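Participant: The structure's right below; bear with me while I get my questions together.
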Amino acid sequence: MSIKKLLLVLALLLVGVTVVAAQQEVSIVHYYSSDLGSATMAKLFDGFTAANPDMKVVDNSAGHEDFKTQILVTIAGNNPPDLFSYWAGARTQFIVEADRLMPLTDFWSDNDLDSIIPAGVKPASIYNGDVYNIPMNVHIVGFFYNPKVMAAAGVTSMPTTWDEFLAACEAIKASGVAPIALGSMNRWPAQYWLDYTVSRTAGPEFRQQLMAGEVAYNSPEVATALEAWKQLVDAGYFVADANAYDWTDAADQVANGEAAMTLMGTWITGYWDGNGLKPIDDYDFFPFPAINPDVPMVVHGSVDGWAVPASAANPDGAKALIMHMLSPDAQATWAVGQGALAAVSNVDPSIYSPVMKKAADYLGSVAFLSGYDLSTTPPMADAGLNMFAQFMNDPSGYMAYLDEVEVVAVDVFKK
Amino acid sequence: MVKTRYRWIVLFLTPPLLIYLFFVVFPLLSSFYYSFTDWNGFAVDYNQIGFANFEKLFRDPLFGKALTNTVLWTVAAIVIPTGIGLTLALALHGRNFIGNLYKSLFYLPISLALAVIGQIWLWIYQPDWGLINTFVRAIGHPEWSTAWLAKPQYALLGVIIAWAWQQIALSMVIFLAGLTAIPQELIEAAEIDGANYWQRVRHVIIPLLAPASVVVIALAVINSLKSFDVLYVMTKGGPFHSSDNLAMFMYNESFQKYNMGYGSAIAVVLFMITLAVIVVYFRQSANAEHLYD
């Protein structure tokens with residue numbers, strides 16, 4: 001080959017490389033691995049590429065459970081995607097503490113995200129004073145119930161106080177149906193009972209102190225909360241053997257009319273819609289009632305967001321993709337496809353079903369706090385979740401359980 | 001000539017040895033190393049903390065529970081598959097059609113992955129429509145039905161039974177192979193001497209099955225120590241850690257609670273226990289080989 005030819009080949013190769021480089025790749029890993037979730041996500045990526053022809057999304061996602069390990073391994077191995085979905089709260093905090101995430105504080109202010117992301121949701125983005133997680137959607141937890149069962153038991157208006165709640169449970173039980181379904185086989189579904197009994201009796205501030213290890217598990221405040229929960233178990237309001245069932249079993253029990261209600265996140269609507277249930281006719285929502293009228297009301301739930309690894313190869317592409325995801329159209333597509341509440345306030349509220357509308361309104365009216373396992377460190381969460389399962393098996397030893405959990409708390413928080 | 005042969009040996013052995021070093025020896029040594037640190041499995045930084053992880057093990061009630069359950073599982077592994085496997089092998093030994101049919105049926109669980117076995121037994125134990133509760137209700141004893149895997153007093157037993165169901169099949173096959181290896185004239189000689197069936201089993205067959213028994217017991221014990229999949233599918237160590245074994249405890253600490261250093265310390269303890277069993281196994285199997293000399 002002559003020198004001339006060689007140079008020509010090199011030049012052609014160079015042109016080729018430039019053409020390929022002109023279409024930048026944005027690599028992403030997310031945990032929306034269900035058929036519906038991945039299809040909706042793919043729709044959003046198509047919209048992004050249509051609006052940005054020079055960019056291409058490369059989706060390297062694994063299954064939901066594999067994701068948890070995959071993302072940590074790729075980040076620890078310095079081979080991370082440009083962008084990944086992550087649960088706001090303790091899990092994000094864990095990666096922030098290891099200095100593995102890129103701060104997005106400037107990104108937040110440059111794009112004036114304060115104008116579209118509700119102030120109540122913003123705390124879920126902030127870790128050690130900086131923004132590290134941009135919300136994609138919000139789920140809130142409350143009572144999802146079977147209106148036919150409620151009507152048959154004569155419960156026509158949904159309880160807003162603890163006394164009304166107890167009266168409703170008594171009426172449902174008298175009608176021959178278990179008032180409350182709970183599937184705590186995988187432990188976490190029981191956590192919302194602790195979240196709400198603590199924040200409705202001792203207040204949200206105490207609850208946050210408990211999550212941070214600043215107050216003791218065996219304090220009188222937590223005992224009072226568990227006593228409220230225990231009152232329901234002792235009265236026989238829960239379906240027996242909660243630990244034998246998963247949350248979807250509990251959802252089925254409510255749908256079939258074997259139980260009246262279950263304390264669960266808005267994702268249950270996606271499950272029920274998928275099974276052909278109709279909002280309002282087949283299921284409805286009411287918030288966890290007040291217990292102590294003097295403490296401020298909060299709503300518990302979870303925020304799914306986007307994080308950018310500190311060593312991302314294409315952070316600008318990642319940021320552009322995040323901005324696309326936050327556009328009202330993308331948010332509406334996502335919220336409807338996922339059975340979630342949009343993270344931004346400028347979506348058209350008519351996208352929501354009447355039940356999701358109630359949830360959205362409630363989220364807009366009170367402060368938001370993440371659920372238990374997203375609010376405290378993983379070793380602490382394990383001990384707590386363990387206790388909730390133990391409590392559902394036999395609530396009588398609750399004080400001893402709290403003492404045991406406090407031993408773990410002392411170790412975890414090095415008190 | 002010798003030199004050429006030596007070269008070939010080196011050539012053929014090097015790749016597998018390298019793979020073995022990289023995928024087995026290196027991670028093993030890493031576990032030992034990390035067991036003396038407080039690494040969370042993810043961060044760049046960690047501290048050397050000496051024997052603190054091992055000291056913590058002795059104070060941790062979860063470790064005590066997991067160790068007790070592992071010992072229980074091992075004892076069950078020695079008794080159940082050996083006893084039932086031997087009984088089945090003795091009953092089915094022979095060449096008739098029915099015997100072969102039953103052999104195949106009892107052998108079937110071997111062809112299933114333990115995760116699948118866990119799922120099948122999950123359905124058998126299901127409280128509302130599971131086989132066991134349906135059966136006890138059908139025979140008029142609904143009060144015997146319970147949520148088997150959700151009760152701390154039954155969960156571990158329930159998992160061990162599911163696990164043993166497969167292990168029995170393995171033991172049976174090994175015992176059957178052992179039985180064919182017993183010289184027929186020895187049994188006939190005993191018969192001529194007037195030994196009845198039980199005496200022949202007790203004094204001729206069982207002693208001659210020693211090599212097979214060593215394999216059965218060793219496999220059962222080693223399989224019980226490394227069992228994780230069936231437990232993960234059925235209870236994940238629950239309810240509230242009541243069915244944790246050391247492998248599940250190690251997984252929880254390393255990957256759920258991000259205590260990789262502590263998890264490595266558990267791995268080291270589990271490794272030591274397994275190593276002790278393997279050493280005993282090799283010594284016993286060396287002894288058993290003299291049997292036919």
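Ordered as shown in the structure tokens, chains take letters A, B, and onward, while each chain numbers its residues from 1 and ligands are numbered from 1 in the order shown.
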Report as a list in words all protein, DNA and RNA residues lying within 12 Å of A:Asn256, evaluated on only C-alpha atoms, omitting residues in the same chain fewer than 5 positions from it.
Facilitator: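 The contact residues come out as Tyr145, Asn146, Pro147, Lys148, Val149, Val177, Ala178, Ala181, Thr248, Asp249, Ala250, Ala251, Met261, Trp272, Asn275, Leu277, Asp282 and Tyr283 of chain A.
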Participant: Counting only C-alpha atoms, what is within 12 Å of A:Tyr271, bar same-chain residues fewer than 5 positions away, as a list in words?
Facilitator: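 Listing them by chain and then by number gives Ser34, Leu36, Trp247, Thr248, Asp249, Ala250, Ala251, Asp252, Ala255, Met264, Gly265, Thr266, Gly276, Leu277, Lys278, Pro279, Tyr283, Gly337, Gln338, Gly339 and Ala340 of chain A.
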Participant: Identify, on the basis of only C-alpha atoms, every residue whose closest approach to B:Ile174 does not exceed 10 Å; exclude the query and any residue fewer than 6 positions from it along the same chain; express the result as an MDAnalysis selection string.
Facilitator: chainID B and resid 85:86 89 168 209 211:213 215:216
Participant: Restricted to N, CA, C and O atoms, what would the selected residues look like written as a CSV table (one decimal), in the first residue's frame?
Facilitator:
```
chain,number,residue,atom,x,y,z
B,85,GLY,N,-32.5,-42.1,52.3
B,85,GLY,CA,-31.9,-42.5,51.1
B,85,GLY,C,-31.5,-44.0,51.2
B,85,GLY,O,-31.7,-44.8,50.2
B,86,LEU,N,-30.9,-44.4,52.3
B,86,LEU,CA,-30.5,-45.8,52.5
B,86,LEU,C,-31.7,-46.8,52.4
B,86,LEU,O,-31.7,-47.8,51.8
B,89,ALA,N,-32.9,-47.0,48.9
B,89,ALA,CA,-32.0,-47.8,48.1
B,89,ALA,C,-32.1,-49.3,48.4
B,89,ALA,O,-32.2,-50.1,47.4
B,168,ILE,N,-32.3,-36.4,49.5
B,168,ILE,CA,-32.6,-37.8,49.6
B,168,ILE,C,-32.4,-38.5,48.3
B,168,ILE,O,-31.8,-39.6,48.2
B,209,LEU,N,-21.1,-50.8,52.8
B,209,LEU,CA,-21.6,-49.5,52.2
B,209,LEU,C,-20.8,-48.3,52.7
B,209,LEU,O,-21.1,-47.2,52.4
B,211,PRO,N,-17.9,-46.8,52.1
B,211,PRO,CA,-17.5,-45.8,51.2
B,211,PRO,C,-18.6,-44.9,50.6
B,211,PRO,O,-18.5,-43.7,50.6
B,212,ALA,N,-19.7,-45.6,50.3
B,212,ALA,CA,-20.9,-44.8,49.8
B,212,ALA,C,-21.4,-43.9,50.9
B,212,ALA,O,-21.8,-42.7,50.7
B,213,SER,N,-21.4,-44.4,52.2
B,213,SER,CA,-21.9,-43.6,53.3
B,213,SER,C,-21.1,-42.4,53.5
B,213,SER,O,-21.6,-41.3,53.8
B,215,VAL,N,-19.4,-40.7,51.3
B,215,VAL,CA,-19.7,-39.8,50.2
B,215,VAL,C,-21.1,-39.1,50.5
B,215,VAL,O,-21.2,-37.9,50.4
B,216,VAL,N,-22.1,-39.9,50.8
B,216,VAL,CA,-23.4,-39.4,51.1
B,216,VAL,C,-23.4,-38.3,52.2
B,216,VAL,O,-23.9,-37.2,52.1
```
Participant: Please report, as a list of chain:residue names, each residue of stretch 226-275 of chain A to which DSSP assigns helix (DSSP H, G or I) when run on this structure's backbone.
Facilitator: A:Leu226, A:Glu227, A:Ala228, A:Trp229, A:Lys230, A:Gln231, A:Leu232, A:Val233, A:Asp234, A:Ala242, A:Asn243, A:Ala244, A:Trp247, A:Thr248, A:Asp249, A:Ala250, A:Ala251, A:Asp252, A:Gln253, A:Val254, A:Ala255, A:Trp267, A:Ile268, A:Thr269, A:Gly270, A:Tyr271, A:Trp272, A:Asp273, A:Gly274
Participant: Determine, for each residue of chain B having at least one atom at most 8 Å from an atom of chain A, the closest pair of atoms and their separation in Å to one decimal, counting only C-alpha atoms; order by chain and ascending number, as CSV.
Facilitator:
```
residue,atom,partner,partner_atom,distance
B:Phe42,CA,A:Ala76,CA,5.6
B:Ala43,CA,A:Ala98,CA,5.0
B:Val44,CA,A:Ala98,CA,7.0
B:Gln126,CA,A:Ala244,CA,7.9
B:Pro127,CA,A:Ala244,CA,7.3
B:Ala147,CA,A:Ala244,CA,6.0
B:Leu149,CA,A:Ala244,CA,6.8
B:Ala150,CA,A:Ala244,CA,4.9
B:Lys151,CA,A:Asn393,CA,7.5
B:Pro239,CA,A:Ala389,CA,6.6
B:Phe240,CA,A:Asn386,CA,4.8
B:His241,CA,A:Asn386,CA,7.4
B:Glu253,CA,A:Pro379,CA,8.0
B:Phe255,CA,A:Thr69,CA,7.8
B:Gln256,CA,A:Pro378,CA,6.8
B:Lys257,CA,A:Pro379,CA,4.6
B:Tyr258,CA,A:Pro378,CA,7.3
```
Participant: Extract, using only C-alpha atoms, all DNA, RNA and protein residues at most 8 Å from stretch 55-62 of chain B, discarding same-chain residues fewer than 2 positions from it, and format them as a list in words.
Facilitator: Phe51, Ala52, Asn53, Gly64, Lys65, Ala66, His241, Phe249 and Ile266 of chain B
Participant: Measuring between only C-alpha atoms, which one of A:Met325, A:Ala168, A:Met150, A:Leu363 shows the shortest distance to A:Val298?
Facilitator: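 Between A:Met325, A:Ala168, A:Met150, A:Leu363, the residue approaching A:Val298 most closely is A:Leu363.
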Participant: Near A:Ala332, within 8 Å and counting only C-alpha atoms, which residues show up once chain neighbours fewer than 2 positions away are dropped, as a CSV table (one decimal) with N, CA, C and O atoms, in the first residue's frame?
Facilitator:
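Final output, selection-v5.csv:
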```
chain,number,residue,atom,x,y,z
A,328,PRO,N,-43.3,18.7,30.8
A,328,PRO,CA,-44.6,18.3,31.2
A,328,PRO,C,-45.2,17.1,30.4
A,328,PRO,O,-45.8,16.2,31.0
A,329,ASP,N,-44.8,17.0,29.2
A,329,ASP,CA,-45.3,15.9,28.4
A,329,ASP,C,-44.7,14.5,28.9
A,329,ASP,O,-45.4,13.5,29.0
A,330,ALA,N,-43.4,14.5,29.0
A,330,ALA,CA,-42.7,13.3,29.5
A,330,ALA,C,-43.2,12.9,30.9
A,330,ALA,O,-43.5,11.7,31.1
A,334,TRP,N,-45.1,9.5,31.8
A,334,TRP,CA,-44.5,8.6,32.8
A,334,TRP,C,-45.5,8.4,34.0
A,334,TRP,O,-45.7,7.2,34.4
A,335,ALA,N,-46.2,9.4,34.5
A,335,ALA,CA,-47.1,9.3,35.6
A,335,ALA,C,-48.2,8.4,35.3
A,335,ALA,O,-48.6,7.5,36.1
A,336,VAL,N,-48.8,8.5,34.1
A,336,VAL,CA,-49.9,7.7,33.7
A,336,VAL,C,-49.4,6.2,33.5
A,336,VAL,O,-50.0,5.3,34.0
A,342,ALA,N,-46.6,12.7,39.3
A,342,ALA,CA,-45.6,13.4,38.6
A,342,ALA,C,-44.7,14.2,39.6
A,342,ALA,O,-45.2,14.6,40.7
A,347,VAL,N,-47.7,19.6,35.3
A,347,VAL,CA,-48.4,18.7,34.5
A,347,VAL,C,-49.9,19.0,34.6
A,347,VAL,O,-50.4,19.5,35.6
A,348,ASP,N,-50.6,18.6,33.5
A,348,ASP,CA,-52.1,18.8,33.5
A,348,ASP,C,-52.7,17.8,34.4
A,348,ASP,O,-52.6,16.6,34.3
A,351,ILE,N,-54.7,14.4,33.8
A,351,ILE,CA,-54.1,13.1,33.4
A,351,ILE,C,-54.4,12.0,34.5
A,351,ILE,O,-54.3,10.9,34.2
```
